[in-house]
Amino acid sequence: MKIAGTEVTASQLAIPVAAMIAVVAASNVLVQYPVQQFGLSEVLTWGAFTYPVAFLVNDLTNRRFGPSVARRVVYAGFALAVVLSIWLATPRIALASGTAFLVGQLLDISVFNRLRRMSWWQAPLAGSFLGSALDTALFFTLAFAGDADMSFPVTYHLTGITVPLWVGLAFFDFTVKMACALLALVPYGALMGWLKPWGGMQGSPAR
């Protein structure tokens with residue numbers, strides 16, 4: 001495959017594809033396990049801490065190879081991750097995860113590409129923020145809405161608001177994803193010098 005005159009080999013794409021698969025598969029399992037520490041069992045699952053890594057992988061791939069290759073990595077990760085997810089989790093969670101992953105990651109690519117000429121942190125942060133918002137809404141709705149085990153009412157004493165369990169989990173999941181998106185700027189910034197920009201952006205102020 002050639003991008004802007006540069007040959008992109010299968011071995012170069014193997015790492016981002018494998019990383020995508022690992023992140024989604026792990027998150028599909030971990031989302032079923034609430035965080036028991038600090039009384040967070042009704043508001044947070046361990047999947048919230050692993051899934052944001054997918055946006056870091058996506059943004060680094062987009063920076064290095066451009067949006068076309070990034071989409072190919074997302075499609076490959078989507079197809080293989082769904083198969084693994086069916087094996088590792090329930091079919092409903094696998095379907096919800098696959099749908100949310102595909103839509104959220106493609107939005108991230110689009111936003112990143114529109115903002116890639118701006119300050120180095122704006123494209124990955126905006127892409128992760130919007131992609132995570134859509135991903136979270138789709139995943140928790142498709143995976144848990146109407147599920148009796150996940151829909152019993154929970155009242156949050158600080159606000160007095162009562163919502164179904166899965167709605168509260170979605171809110172706190174998104175909050176953690178945003179914190180992780182900020183933290184991900186550290187490795188993204190550190191790897192910028194090593195992962196030179198996509199060939200079509202060389203010689204420009206692209207990030």
# chains A, B, ... in the order shown; residues from 1 in each chain; ligands from 1

call {"tool": "residues_around", "arguments": {"residues": "region 60-66 of chain A", "least_positions_apart": "2", "cutoff": "7 Å", "atoms": "only C-alpha atoms", "output": "JSON, numbers by chain"}}
result
{"A": [16, 56, 57, 58, 68, 69, 70, 109, 195, 196, 197, 198, 207]}

call {"tool": "residues_around", "arguments": {"residues": "Thr155 (chain A)", "least_positions_apart": "6", "cutoff": "12 Å", "atoms": "only C-alpha atoms", "output": "PDB file with C-alpha atoms, in the first residue's frame"}}
result
ATOM      1  CA  GLU A  42     -22.277   1.295  41.204  1.00  0.00           C
ATOM      2  CA  VAL A  43     -20.622   3.950  39.063  1.00  0.00           C
ATOM      3  CA  ILE A 161     -30.576  12.204  41.138  1.00  0.00           C
ATOM      4  CA  THR A 162     -31.949   8.706  40.506  1.00  0.00           C
ATOM      5  CA  VAL A 163     -31.108   6.982  37.224  1.00  0.00           C
ATOM      6  CA  PRO A 164     -30.835   3.394  35.946  1.00  0.00           C
ATOM      7  CA  LEU A 165     -27.540   1.769  36.893  1.00  0.00           C
ATOM      8  CA  VAL A 167     -26.880   5.405  32.842  1.00  0.00           C
ATOM      9  CA  GLY A 168     -24.766   6.178  35.913  1.00  0.00           C
TER      10      GLY A 168
END

call {"tool": "closest_residue", "arguments": {"among": "A:Ala181, A:Leu191, A:Ala48, A:Ala22", "to": "Leu125 (chain A)", "atoms": "only C-alpha atoms"}}
result
A:Ala181

call {"tool": "atom_distance", "arguments": {"atom1": "CA of Ala89 (chain A)", "atom2": "CA of Gly77 (chain A)"}}
result
16.5 Å

call {"tool": "closest_residue", "arguments": {"among": "A:Phe38, A:Phe112, A:Trp46, A:Tyr51", "to": "Leu169 (chain A)", "atoms": "only C-alpha atoms"}}
result
A:Trp46

call {"tool": "atom_distance", "arguments": {"atom1": "CA of Leu130 (chain A)", "atom2": "CA of Thr175 (chain A)"}}
result
12.6 Å

call {"tool": "closest_atom_pairs", "arguments": {"of": "region 68-167 of chain A", "to": "region 26-31 of chain A", "cutoff": "12 Å", "atoms": "only C-alpha atoms", "output": "CSV"}}
result
residue,atom,partner,partner_atom,distance
A:Ala81,CA,A:Asn28,CA,9.5
A:Val82,CA,A:Asn28,CA,9.7
A:Val83,CA,A:Asn28,CA,11.6
A:Leu84,CA,A:Asn28,CA,9.4
A:Ser85,CA,A:Asn28,CA,6.4
A:Ile86,CA,A:Asn28,CA,9.3
A:Trp87,CA,A:Val29,CA,10.1
A:Leu88,CA,A:Val29,CA,6.4
A:Ala89,CA,A:Val29,CA,6.0
A:Thr90,CA,A:Asn28,CA,8.9
A:Pro91,CA,A:Asn28,CA,10.6
A:Arg92,CA,A:Asn28,CA,10.7
A:Ile93,CA,A:Asn28,CA,7.0
A:Ala94,CA,A:Asn28,CA,7.2
A:Leu95,CA,A:Asn28,CA,10.4
A:Ala96,CA,A:Asn28,CA,9.6
A:Ser97,CA,A:Asn28,CA,7.1
A:Gly98,CA,A:Asn28,CA,9.7
A:Ala100,CA,A:Asn28,CA,11.6
A:Phe101,CA,A:Asn28,CA,10.9
A:Thr136,CA,A:Val31,CA,11.7
A:Phe139,CA,A:Asn28,CA,10.4
A:Phe140,CA,A:Val31,CA,10.1
A:Ala143,CA,A:Val31,CA,10.5
A:Phe144,CA,A:Val31,CA,11.2
A:Trp166,CA,A:Val31,CA,11.1

call {"tool": "write_last_selection", "arguments": {"atoms": "N, CA, C and O atoms", "output": "short mmCIF file (atom, residue, chain, number, x, y, z; two decimals), in the first residue's frame"}}
result
data_model
loop_
_atom_site.label_atom_id
_atom_site.label_comp_id
_atom_site.auth_asym_id
_atom_site.auth_seq_id
_atom_site.Cartn_x
_atom_site.Cartn_y
_atom_site.Cartn_z
N ALA A 81 -11.88 -7.87 16.45
CA ALA A 81 -12.27 -7.66 17.84
C ALA A 81 -13.67 -8.19 18.11
O ALA A 81 -13.94 -8.72 19.20
N VAL A 82 -14.58 -8.07 17.14
CA VAL A 82 -15.94 -8.59 17.34
C VAL A 82 -15.91 -10.10 17.50
O VAL A 82 -16.59 -10.66 18.37
N VAL A 83 -15.10 -10.77 16.69
CA VAL A 83 -14.98 -12.22 16.80
C VAL A 83 -14.46 -12.60 18.18
O VAL A 83 -15.00 -13.50 18.85
N LEU A 84 -13.40 -11.93 18.63
CA LEU A 84 -12.86 -12.22 19.95
C LEU A 84 -13.86 -11.87 21.05
O LEU A 84 -13.96 -12.59 22.05
N SER A 85 -14.59 -10.80 20.86
CA SER A 85 -15.53 -10.36 21.88
C SER A 85 -16.68 -11.35 22.06
O SER A 85 -17.17 -11.55 23.17
N ILE A 86 -17.13 -11.95 20.96
CA ILE A 86 -18.18 -12.96 21.06
C ILE A 86 -17.72 -14.13 21.91
O ILE A 86 -18.50 -14.72 22.67
N TRP A 87 -16.45 -14.44 21.80
CA TRP A 87 -15.88 -15.54 22.58
C TRP A 87 -15.66 -15.12 24.04
O TRP A 87 -15.92 -15.88 24.97
N LEU A 88 -15.20 -13.89 24.25
CA LEU A 88 -14.83 -13.44 25.59
C LEU A 88 -16.00 -12.84 26.37
O LEU A 88 -15.97 -12.81 27.60
N ALA A 89 -17.02 -12.34 25.68
CA ALA A 89 -18.14 -11.69 26.35
C ALA A 89 -19.44 -12.22 25.75
O ALA A 89 -19.45 -13.17 24.99
N THR A 90 -20.58 -11.61 26.12
CA THR A 90 -21.87 -12.03 25.59
C THR A 90 -22.05 -11.46 24.18
O THR A 90 -21.45 -10.45 23.83
N PRO A 91 -22.90 -12.11 23.37
CA PRO A 91 -23.13 -11.59 22.01
C PRO A 91 -23.65 -10.16 22.00
O PRO A 91 -23.28 -9.37 21.12
N ARG A 92 -24.50 -9.80 22.97
CA ARG A 92 -25.03 -8.44 23.01
C ARG A 92 -23.92 -7.42 23.26
O ARG A 92 -23.86 -6.37 22.62
N ILE A 93 -23.05 -7.74 24.21
CA ILE A 93 -21.94 -6.83 24.50
C ILE A 93 -21.00 -6.75 23.31
O ILE A 93 -20.49 -5.68 22.97
N ALA A 94 -20.79 -7.87 22.64
CA ALA A 94 -19.92 -7.88 21.46
C ALA A 94 -20.49 -6.99 20.36
O ALA A 94 -19.76 -6.21 19.72
N LEU A 95 -21.81 -7.09 20.12
CA LEU A 95 -22.45 -6.26 19.10
C LEU A 95 -22.38 -4.79 19.48
O LEU A 95 -22.06 -3.92 18.65
N ALA A 96 -22.69 -4.49 20.74
CA ALA A 96 -22.65 -3.10 21.21
C ALA A 96 -21.25 -2.54 21.12
O ALA A 96 -21.04 -1.40 20.67
N SER A 97 -20.28 -3.32 21.53
CA SER A 97 -18.90 -2.88 21.50
C SER A 97 -18.43 -2.63 20.08
O SER A 97 -17.79 -1.62 19.79
N GLY A 98 -18.76 -3.56 19.17
CA GLY A 98 -18.33 -3.42 17.78
C GLY A 98 -18.92 -2.17 17.14
O GLY A 98 -18.21 -1.42 16.45
N ALA A 100 -20.18 0.59 18.65
CA ALA A 100 -19.66 1.80 19.29
C ALA A 100 -18.21 2.05 18.89
O ALA A 100 -17.82 3.19 18.63
N PHE A 101 -17.42 0.98 18.85
CA PHE A 101 -16.02 1.10 18.46
C PHE A 101 -15.89 1.67 17.06
O PHE A 101 -15.15 2.63 16.82
N THR A 136 -19.45 6.03 24.06
CA THR A 136 -20.05 5.71 25.36
C THR A 136 -21.57 5.64 25.26
O THR A 136 -22.20 4.70 25.77
N PHE A 139 -22.48 2.43 23.21
CA PHE A 139 -22.18 1.16 23.86
C PHE A 139 -23.14 0.87 25.01
O PHE A 139 -23.74 -0.21 25.07
N PHE A 140 -23.29 1.80 25.93
CA PHE A 140 -24.11 1.51 27.11
C PHE A 140 -25.58 1.37 26.76
O PHE A 140 -26.30 0.58 27.38
N ALA A 143 -25.79 -2.10 24.90
CA ALA A 143 -25.39 -3.24 25.72
C ALA A 143 -26.30 -3.48 26.91
O ALA A 143 -26.54 -4.63 27.30
N PHE A 144 -26.85 -2.41 27.49
CA PHE A 144 -27.50 -2.57 28.79
C PHE A 144 -28.91 -2.01 28.91
O PHE A 144 -29.61 -2.32 29.88
N TRP A 166 -27.13 1.54 34.48
CA TRP A 166 -26.29 1.66 33.28
C TRP A 166 -26.07 3.11 32.87
O TRP A 166 -25.03 3.45 32.31
#

call {"tool": "atom_distance", "arguments": {"atom1": "CA of Gly104 (chain A)", "atom2": "CA of Phe129 (chain A)"}}
result
9.9 Å

call {"tool": "select_by_dssp", "arguments": {"residues": "region 158-194 of chain A", "states": "strand (DSSP E or B)", "output": "list in words"}}
result
Ile161, Thr162, Val163 and Pro164 of chain A

call {"tool": "select_by_dssp", "arguments": {"residues": "region 7-180 of chain A", "states": "alpha helix (DSSP H)", "output": "PyMOL selection string"}}
result
chain A and resi 10-30+47-50+53-65+67-88+91-115+122-144+165-180
